[in-house]
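Trainee: What follows is a single structure, and I will ask about it in a moment.
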Amino acid sequence: MSKNNHHIRLLEALLFASSEPMSTSALHERMPEGADVGGLLMELQKHYAERGVHLTETQGQWAFRTAQDLADDLNVEKQISKKLSRAAMETLAIIAYHQPVTRAEIENVRGVATHKGTLDTLLEMGWIKPGRRRETLGRPLTWVSTAGFLDHFSLESIIDLPGMDEMKASGLLDRRPAIDTVHQDDLFTGQSAQEGVESDEYVDDEDIDIREEEMEGL
Amino acid sequence: MSKNNHHIRLLEALLFASSEPMSTSALHERMPEGADVGGLLMELQKHYAERGVHLTETQGQWAFRTAQDLADDLNVEKQISKKLSRAAMETLAIIAYHQPVTRAEIENVRGVATHKGTLDTLLEMGWIKPGRRRETLGRPLTWVSTAGFLDHFSLESIIDLPGMDEMKASGLLDRRPAIDTVHQDDLFTGQSAQEGVESDEYVDDEDIDIREEEMEGL
Amino acid sequence: MVGIADAVQENAQDMSVFIKEDGEMSAVDHLLLDIDGYEGPIDVLLELSRNQKVDLAKISILELVRQYLVFIERAQQRNLELAAEYLVMAAWLAYLKSRLFLPKEENSDEPSAEDIAQALQFQLQRLEAMQKAADKLLALPQLGQEIFARGQPEGLEMNVVTQWNVSLYDMLKAYGDIERRKEASQYDLPTFDLMSTDSAMSRLSKMLGNLPKTGAHSVWATLNSFMPEDIEDSLYGRSTLASTFTAGLELAKQGGLEFRQDGLFRPIYMRKMQPSDGMNYGEEDQDVDA
């Protein structure tokens with residue numbers, strides 16, 4: 001009992017002292033051998049459940065944070081946060097909801113080319129990171145959100161993103177070019193037939209679509 | 001009671017989030033009107049008295065601090081075993097055998113330029129130290145081995161290092177077989193085949209140096 | 001009388017159209033003023049479709065196309081330089097509009113105009129969903145704004161103690177290596193006992209000449225059978241094999257020799273050919289194939 005008490009005090013102190021959220025394995029490394037870190041974390045979380053400070057878990061990372069319901073009354077110096085551009089916020093949302101997602105897919109959704117600076121900004125804030133390469137033509141890099149992103153927005157996991165369920169249900173989380181979402185049967189539709197009739201611009205547009213379709217198809 | 005509970009939670013969150021210890025008056029300012037800050041502080045202090053985190057007061061300033069008795073357990077020691085790079089090994093050997101020796105002389109013996117990092121590493125390890133300056137042009141610094149060096153290798157004194165003849169006798173100066181891929185030894189016993197070995201070694205050396213720098217950089 | 005009533009009504013209709021267009025104009029002008037705030041044509045289309053004040057699933061694509069074309073027209077009247085992608089979209093929408101009016105083509109491979117319109121609708125819905133999602137994200141309690149981490153973390157230290165894994169042997173060996181390197185730097189140019197291609201060539205020619213003949217050819221003999229016996233030195237042996245093969249290839253190029261191998265890593269056969277006229281060569285070649 002006294003040993004358990006020592007363990008829980010140590011765990012509490014570790015999490016209080018750390019400036020960053022700590023993973024279970026990092027905690028294991030610092031706790032005495034044989035300590036039931038998982039069980040202790042549960043116990044500690046329960047102890048703090050009703051207090052002004054909570055023990056939160058985000059993707060396996062543990063940290064003490066002030067209780068959400070106190071936000072309005074908490075008169076503490078706020079950190080000056082960088083205001084993100086609309087492009088960056090949109091891109092962040094697309095990465096968070098569609099992940100893993102390639103740059104081409106982000107552009108499918110937004111309908112515009114992505115500025116290099118947009119991804120850079122999000123990367124610098126520690127909210128996105130490169131995921132696995134997609135096993136398609138060109139093996140494009142994918143982007144995923146980080147634990148830091150979830151921590152910043154007080155989310156436990158990706159499934160807690162607001163409106164995620166409805167978006168999934170209504171099919172809005174499709175990453176393909178829009179035309180593919182309605183016309184799935186024949187991917188290489190009448191490109192040649194179009195060329196003769198239509199303006200150059202249209203052909204360009206169609207060209208781009210076709211290329212994307214090819215990538216998806218392969 | 002519920003109001004008191006809200007107050008104590010708020011006070012807890014305030015003290016937790018504040019980037020500086022807070023005086024009672026500063027807390028008063030941030031707490032709702034009519035809150036008994038003094039009483040709440042006492043209550044909070046009592047709650048944390050036996051925990052891994054204490055509420056401490058220093059000259060009227062309040063702050064959470066990890067418990068003193070846990071200090072030793074919070075800072076963990078970790079042992080890692082490292083090997084010296086080839087460049088460092090050679091430099092160390094030259095200093096041991098030729099001390100006091102200048103950097104230029106070390107380079108002379110090794111036949112390769114010495115990275116500054118190599119001497120730094122050895123210095124940091126406590127195995128070499130600067131000796132007297134040589135009374136020649138430019139008064140270059142000399143390097144000598146330390147007691148720590150003798151200690152590590154369990155040597156009584158530098159004179160105990162085996163001399164050239166003894167090294168030869170013990171096979172330390174033997175050549176390695178030259179070309180491993182061709183098994184016929186008789187053909188390659190001559191001096192001739194050394195060329196390949198030497199260049200190989202040089203490349204190895206550089207490789208290890210780079211790796212060492214990378215490790216130090218991390 | 002009837003005519004007047006009709007005229008009045010018509011006039012009123014004209015007025016309403018005029019008012020509507022006027023209102024639309026100011027909305028479009030407003031859009032144009034703020035064009036830098038939009039992220040490309042799809043974003044502008046989304047803003048225009050919001051003007052219809054209906055669920056995106058129910059918007060009129062034709063109406064949307066009309067509004068977009070008005071928007072482009074106004075931009076051109078004002079000599080505003082829109083990015084090329086806005087014009088591409090305009091051309092594309094004009095095409096879509098014409099297709100929507102045409103009777104549906106049967107058995108066409110290309111997506112129908114309805115499909116394209118539906119795709120556009122989906123594109124708008126998807127982008128709107130993401131824009132709303134971005135707003136919802138920003139409305140969440142954020143770290144450092146509504147929720148706080150500990151203000152004065154003591155920090156955790158990990159004291160790494162390095163154990164140097166270096167033995168006396170390692171150090172002495174390193175010193176020995178330097179000494180060896182110095183000796184090695186005074187080296188003689190190595191000489192190897194090898195068979196040159198030239199000597200392999202003359203040797204091979206002589207041996208081929210000694211092979212029994214059947215007609216224009218000699219019998220087949222393996223490459224190995226041309227190797228000198230009693231080779232003790234493996235390097236010399238290898239060089240002989242390589243040189244003999246190279247010489248063989250050279251002879252084959254000249255038409256004095258033929259190669260045969262029945263499969264990968266199978267023995268290589270050679271036979272001498274009488275370098276005579278091509279007819280003869282062709283005939284024999286067919287025989288070999290058969």
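Here, A, B, ... name the chains of the structure tokens in the order displayed, residue numbers run from 1 inside each chain, and ligands are numbered from 1 in the same displayed order.
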Compile the contact shell of Leu56 (chain C) as a PyMOL selection string: residues with an atom at most 9 Å away, counting only C-alpha atoms, same-chain residues fewer than 6 positions apart removed.
Mentor: chain C and resi 46+49-50+121-122+124-125+128
Trainee: Give as a PyMOL selection string every residue of chain C that touches chain B within 12 Å, counting only C-alpha atoms.
Mentor: chain C and resi 143-194+232-238
Trainee: For the selection just defined, write its residues with C-alpha atoms to a file, as a PDB file, in the first residue's frame.
Mentor:
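Result written to part_8.pdb:
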ATOM      1  CA  LEU C 143      -4.350  25.066 -25.373  1.00  0.00           C
ATOM      2  CA  GLY C 144      -2.996  28.367 -24.106  1.00  0.00           C
ATOM      3  CA  GLN C 145      -6.363  30.084 -24.715  1.00  0.00           C
ATOM      4  CA  GLU C 146      -9.036  28.213 -22.801  1.00  0.00           C
ATOM      5  CA  ILE C 147      -7.087  25.288 -21.431  1.00  0.00           C
ATOM      6  CA  PHE C 148      -3.690  25.580 -19.860  1.00  0.00           C
ATOM      7  CA  ALA C 149      -0.703  23.418 -19.250  1.00  0.00           C
ATOM      8  CA  ARG C 150       1.376  23.830 -16.114  1.00  0.00           C
ATOM      9  CA  GLY C 151       2.805  27.332 -16.092  1.00  0.00           C
ATOM     10  CA  GLN C 152       6.097  26.548 -14.413  1.00  0.00           C
ATOM     11  CA  PRO C 153       7.082  23.009 -15.204  1.00  0.00           C
ATOM     12  CA  GLU C 154      10.222  22.013 -13.340  1.00  0.00           C
ATOM     13  CA  GLY C 155      11.176  19.862 -16.298  1.00  0.00           C
ATOM     14  CA  LEU C 156      12.554  16.388 -16.154  1.00  0.00           C
ATOM     15  CA  GLU C 157      16.176  15.579 -16.521  1.00  0.00           C
ATOM     16  CA  MET C 158      17.632  12.431 -17.862  1.00  0.00           C
ATOM     17  CA  ASN C 159      21.256  12.217 -16.817  1.00  0.00           C
ATOM     18  CA  VAL C 160      22.991  10.144 -19.391  1.00  0.00           C
ATOM     19  CA  VAL C 161      26.128   8.496 -18.092  1.00  0.00           C
ATOM     20  CA  THR C 162      28.390   7.424 -20.891  1.00  0.00           C
ATOM     21  CA  GLN C 163      30.388   4.306 -20.360  1.00  0.00           C
ATOM     22  CA  TRP C 164      33.317   4.256 -22.773  1.00  0.00           C
ATOM     23  CA  ASN C 165      33.701   0.828 -24.138  1.00  0.00           C
ATOM     24  CA  VAL C 166      37.385   1.039 -25.046  1.00  0.00           C
ATOM     25  CA  SER C 167      39.946  -1.569 -24.102  1.00  0.00           C
ATOM     26  CA  LEU C 168      43.707  -1.223 -23.962  1.00  0.00           C
ATOM     27  CA  TYR C 169      43.846  -3.648 -26.859  1.00  0.00           C
ATOM     28  CA  ASP C 170      41.718  -1.287 -28.980  1.00  0.00           C
ATOM     29  CA  MET C 171      44.115   1.544 -28.346  1.00  0.00           C
ATOM     30  CA  LEU C 172      47.275  -0.468 -29.002  1.00  0.00           C
ATOM     31  CA  LYS C 173      45.751  -1.883 -32.154  1.00  0.00           C
ATOM     32  CA  ALA C 174      44.961   1.636 -33.327  1.00  0.00           C
ATOM     33  CA  TYR C 175      48.571   2.606 -32.784  1.00  0.00           C
ATOM     34  CA  GLY C 176      49.723  -0.486 -34.621  1.00  0.00           C
ATOM     35  CA  ASP C 177      47.472   0.442 -37.523  1.00  0.00           C
ATOM     36  CA  ILE C 178      49.188   3.808 -37.883  1.00  0.00           C
ATOM     37  CA  GLU C 179      52.577   2.142 -37.969  1.00  0.00           C
ATOM     38  CA  ARG C 180      51.400  -0.322 -40.555  1.00  0.00           C
ATOM     39  CA  ARG C 181      49.987   2.411 -42.691  1.00  0.00           C
ATOM     40  CA  LYS C 182      53.326   4.179 -42.709  1.00  0.00           C
ATOM     41  CA  GLU C 183      55.156   1.062 -43.869  1.00  0.00           C
ATOM     42  CA  ALA C 184      52.519   0.392 -46.438  1.00  0.00           C
ATOM     43  CA  SER C 185      53.005   3.785 -47.967  1.00  0.00           C
ATOM     44  CA  GLN C 186      56.311   2.653 -49.455  1.00  0.00           C
ATOM     45  CA  TYR C 187      54.952   0.089 -51.869  1.00  0.00           C
ATOM     46  CA  ASP C 188      56.014  -1.443 -55.139  1.00  0.00           C
ATOM     47  CA  LEU C 189      53.679  -1.515 -58.041  1.00  0.00           C
ATOM     48  CA  PRO C 190      51.992  -4.912 -57.940  1.00  0.00           C
ATOM     49  CA  THR C 191      52.567  -7.314 -60.797  1.00  0.00           C
ATOM     50  CA  PHE C 192      50.198 -10.162 -61.497  1.00  0.00           C
ATOM     51  CA  ASP C 193      50.624 -13.259 -63.598  1.00  0.00           C
ATOM     52  CA  LEU C 194      47.729 -13.072 -66.056  1.00  0.00           C
ATOM     53  CA  GLU C 232      47.678 -23.826 -59.830  1.00  0.00           C
ATOM     54  CA  ASP C 233      47.096 -20.156 -59.461  1.00  0.00           C
ATOM     55  CA  SER C 234      43.394 -19.348 -59.346  1.00  0.00           C
ATOM     56  CA  LEU C 235      43.878 -15.752 -60.450  1.00  0.00           C
ATOM     57  CA  TYR C 236      45.821 -16.925 -63.488  1.00  0.00           C
ATOM     58  CA  GLY C 237      43.111 -19.508 -64.072  1.00  0.00           C
ATOM     59  CA  ARG C 238      40.367 -16.945 -64.016  1.00  0.00           C
TER      60      ARG C 238
END
Trainee: Just the residues within 12 Å of Arg134 (chain A), please, counting only C-alpha atoms, with nothing from its chain fewer than 2 positions along; format it as a list in words.
Mentor: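 Near Arg134 (chain A), the qualifying residues are Gln99, Pro100, Val101, Thr102, Arg103, Ala104, Glu105, Pro130, Gly131, Arg132, Thr136, Leu137, Gly138, Arg139, Pro140, Leu141, Thr142, Trp143, Met215, Glu216 and Leu218 of chain A.
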Trainee: Could you pull the residues within 10 Å of Tyr68 (chain C), counting only C-alpha atoms, minus those fewer than 4 positions along the same chain, as a list in words?
Mentor: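 In the requested form, the answer reads Val28, Pro41, Val44, Leu45, Leu48, Ser49, Leu62, Glu63, Leu64, Ile72, Glu73, Arg74, Tyr86, Met89, Ala90, Leu93 and Ala94 of chain C.
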Trainee: Give me a file of those residues, with N, CA and C atoms, as a PDB file, in the first residue's frame.
Mentor:
ATOM      1  N   VAL C  28     -21.936  40.899 -56.493  1.00  0.00           N
ATOM      2  CA  VAL C  28     -20.787  40.525 -57.327  1.00  0.00           C
ATOM      3  C   VAL C  28     -19.648  41.531 -57.148  1.00  0.00           C
ATOM      4  N   PRO C  41     -11.538  29.751 -57.768  1.00  0.00           N
ATOM      5  CA  PRO C  41     -12.879  29.762 -58.358  1.00  0.00           C
ATOM      6  C   PRO C  41     -13.902  28.918 -57.590  1.00  0.00           C
ATOM      7  N   VAL C  44     -15.176  30.903 -54.812  1.00  0.00           N
ATOM      8  CA  VAL C  44     -16.075  31.956 -55.288  1.00  0.00           C
ATOM      9  C   VAL C  44     -17.444  31.353 -55.635  1.00  0.00           C
ATOM     10  N   LEU C  45     -17.416  30.197 -56.297  1.00  0.00           N
ATOM     11  CA  LEU C  45     -18.671  29.505 -56.626  1.00  0.00           C
ATOM     12  C   LEU C  45     -19.452  29.178 -55.357  1.00  0.00           C
ATOM     13  N   LEU C  48     -21.055  32.306 -54.153  1.00  0.00           N
ATOM     14  CA  LEU C  48     -22.196  32.630 -55.013  1.00  0.00           C
ATOM     15  C   LEU C  48     -23.379  31.716 -54.714  1.00  0.00           C
ATOM     16  N   SER C  49     -23.095  30.437 -54.494  1.00  0.00           N
ATOM     17  CA  SER C  49     -24.188  29.507 -54.263  1.00  0.00           C
ATOM     18  C   SER C  49     -24.850  29.772 -52.919  1.00  0.00           C
ATOM     19  N   LEU C  62     -27.624  25.782 -63.014  1.00  0.00           N
ATOM     20  CA  LEU C  62     -27.748  26.748 -64.116  1.00  0.00           C
ATOM     21  C   LEU C  62     -27.676  28.181 -63.594  1.00  0.00           C
ATOM     22  N   GLU C  63     -28.391  28.411 -62.488  1.00  0.00           N
ATOM     23  CA  GLU C  63     -28.394  29.738 -61.878  1.00  0.00           C
ATOM     24  C   GLU C  63     -26.981  30.100 -61.414  1.00  0.00           C
ATOM     25  N   LEU C  64     -26.324  29.115 -60.834  1.00  0.00           N
ATOM     26  CA  LEU C  64     -24.965  29.327 -60.341  1.00  0.00           C
ATOM     27  C   LEU C  64     -24.018  29.680 -61.490  1.00  0.00           C
ATOM     28  N   ILE C  72     -17.584  37.077 -63.875  1.00  0.00           N
ATOM     29  CA  ILE C  72     -16.423  37.207 -64.762  1.00  0.00           C
ATOM     30  C   ILE C  72     -16.573  38.432 -65.666  1.00  0.00           C
ATOM     31  N   GLU C  73     -17.808  38.607 -66.170  1.00  0.00           N
ATOM     32  CA  GLU C  73     -18.079  39.730 -67.058  1.00  0.00           C
ATOM     33  C   GLU C  73     -17.784  41.059 -66.350  1.00  0.00           C
ATOM     34  N   ARG C  74     -18.262  41.155 -65.104  1.00  0.00           N
ATOM     35  CA  ARG C  74     -18.047  42.370 -64.323  1.00  0.00           C
ATOM     36  C   ARG C  74     -16.551  42.609 -64.091  1.00  0.00           C
ATOM     37  N   TYR C  86      -9.653  31.339 -62.962  1.00  0.00           N
ATOM     38  CA  TYR C  86     -11.033  31.828 -62.944  1.00  0.00           C
ATOM     39  C   TYR C  86     -11.633  31.784 -64.344  1.00  0.00           C
ATOM     40  N   MET C  89     -12.354  28.202 -65.376  1.00  0.00           N
ATOM     41  CA  MET C  89     -13.610  27.773 -64.775  1.00  0.00           C
ATOM     42  C   MET C  89     -14.792  28.332 -65.557  1.00  0.00           C
ATOM     43  N   ALA C  90     -14.677  29.604 -66.001  1.00  0.00           N
ATOM     44  CA  ALA C  90     -15.761  30.232 -66.749  1.00  0.00           C
ATOM     45  C   ALA C  90     -16.019  29.472 -68.049  1.00  0.00           C
ATOM     46  N   LEU C  93     -17.655  26.204 -67.276  1.00  0.00           N
ATOM     47  CA  LEU C  93     -19.057  26.344 -66.884  1.00  0.00           C
ATOM     48  C   LEU C  93     -19.944  26.677 -68.103  1.00  0.00           C
ATOM     49  N   ALA C  94     -19.400  27.483 -69.022  1.00  0.00           N
ATOM     50  CA  ALA C  94     -20.144  27.816 -70.227  1.00  0.00           C
ATOM     51  C   ALA C  94     -20.416  26.546 -71.034  1.00  0.00           C
TER      52      ALA C  94
END
Trainee: Only residues of chain B matter here; which ones have an atom within 6 Å of chain A, counting only C-alpha atoms? Give them as a PDB file with C-alpha atoms, in the first residue's frame.
Mentor:
ATOM      1  CA  ARG B   9     -11.126  24.286  -8.414  1.00  0.00           C
ATOM      2  CA  LEU B  10     -10.548  27.694  -9.944  1.00  0.00           C
ATOM      3  CA  GLU B  12      -6.162  25.159  -8.241  1.00  0.00           C
ATOM      4  CA  ALA B  13      -6.283  25.826 -11.988  1.00  0.00           C
ATOM      5  CA  ARG B  30      -8.281  36.857 -10.290  1.00  0.00           C
ATOM      6  CA  ARG B  51       0.684  14.050  -2.556  1.00  0.00           C
ATOM      7  CA  GLY B  52       3.506  14.096  -5.102  1.00  0.00           C
ATOM      8  CA  VAL B  53       2.921  17.786  -5.661  1.00  0.00           C
ATOM      9  CA  THR B  66       6.891  18.717  -6.924  1.00  0.00           C
TER      10      THR B  66
END
Trainee: Quick one: pull the distance between CA of Gly38 (chain B) and CA of Thr56 (chain A), Å, one decimal.
Mentor: 29.1 Å
Trainee: Let's see if you can do this: from backbone DSSP, list all strand (DSSP E) residues in region 38-179 of chain B, as a ChimeraX atom specification.
Mentor: /B:53-58,61-66,76-82,101-102,128-133,141-145
Trainee: Could you pull out all residues of region 8-217 of chain A with a DSSP call of alpha helix (DSSP H) and give them as a PyMOL selection string?
Mentor: chain A and resi 8-17+24-30+37-48+86-98+103-110+116-124+147-152+164-169+178-182+191-197+200-217
Trainee: Can you list, as a ChimeraX atom specification, every protein, DNA or RNA residue that comes within 12 Å of Met207 (chain C) when you count only C-alpha atoms, leaving out same-chain residues fewer than 2 positions away?
Mentor: /C:200-205,209-212,218,221,223,225-228,244,248,270-272
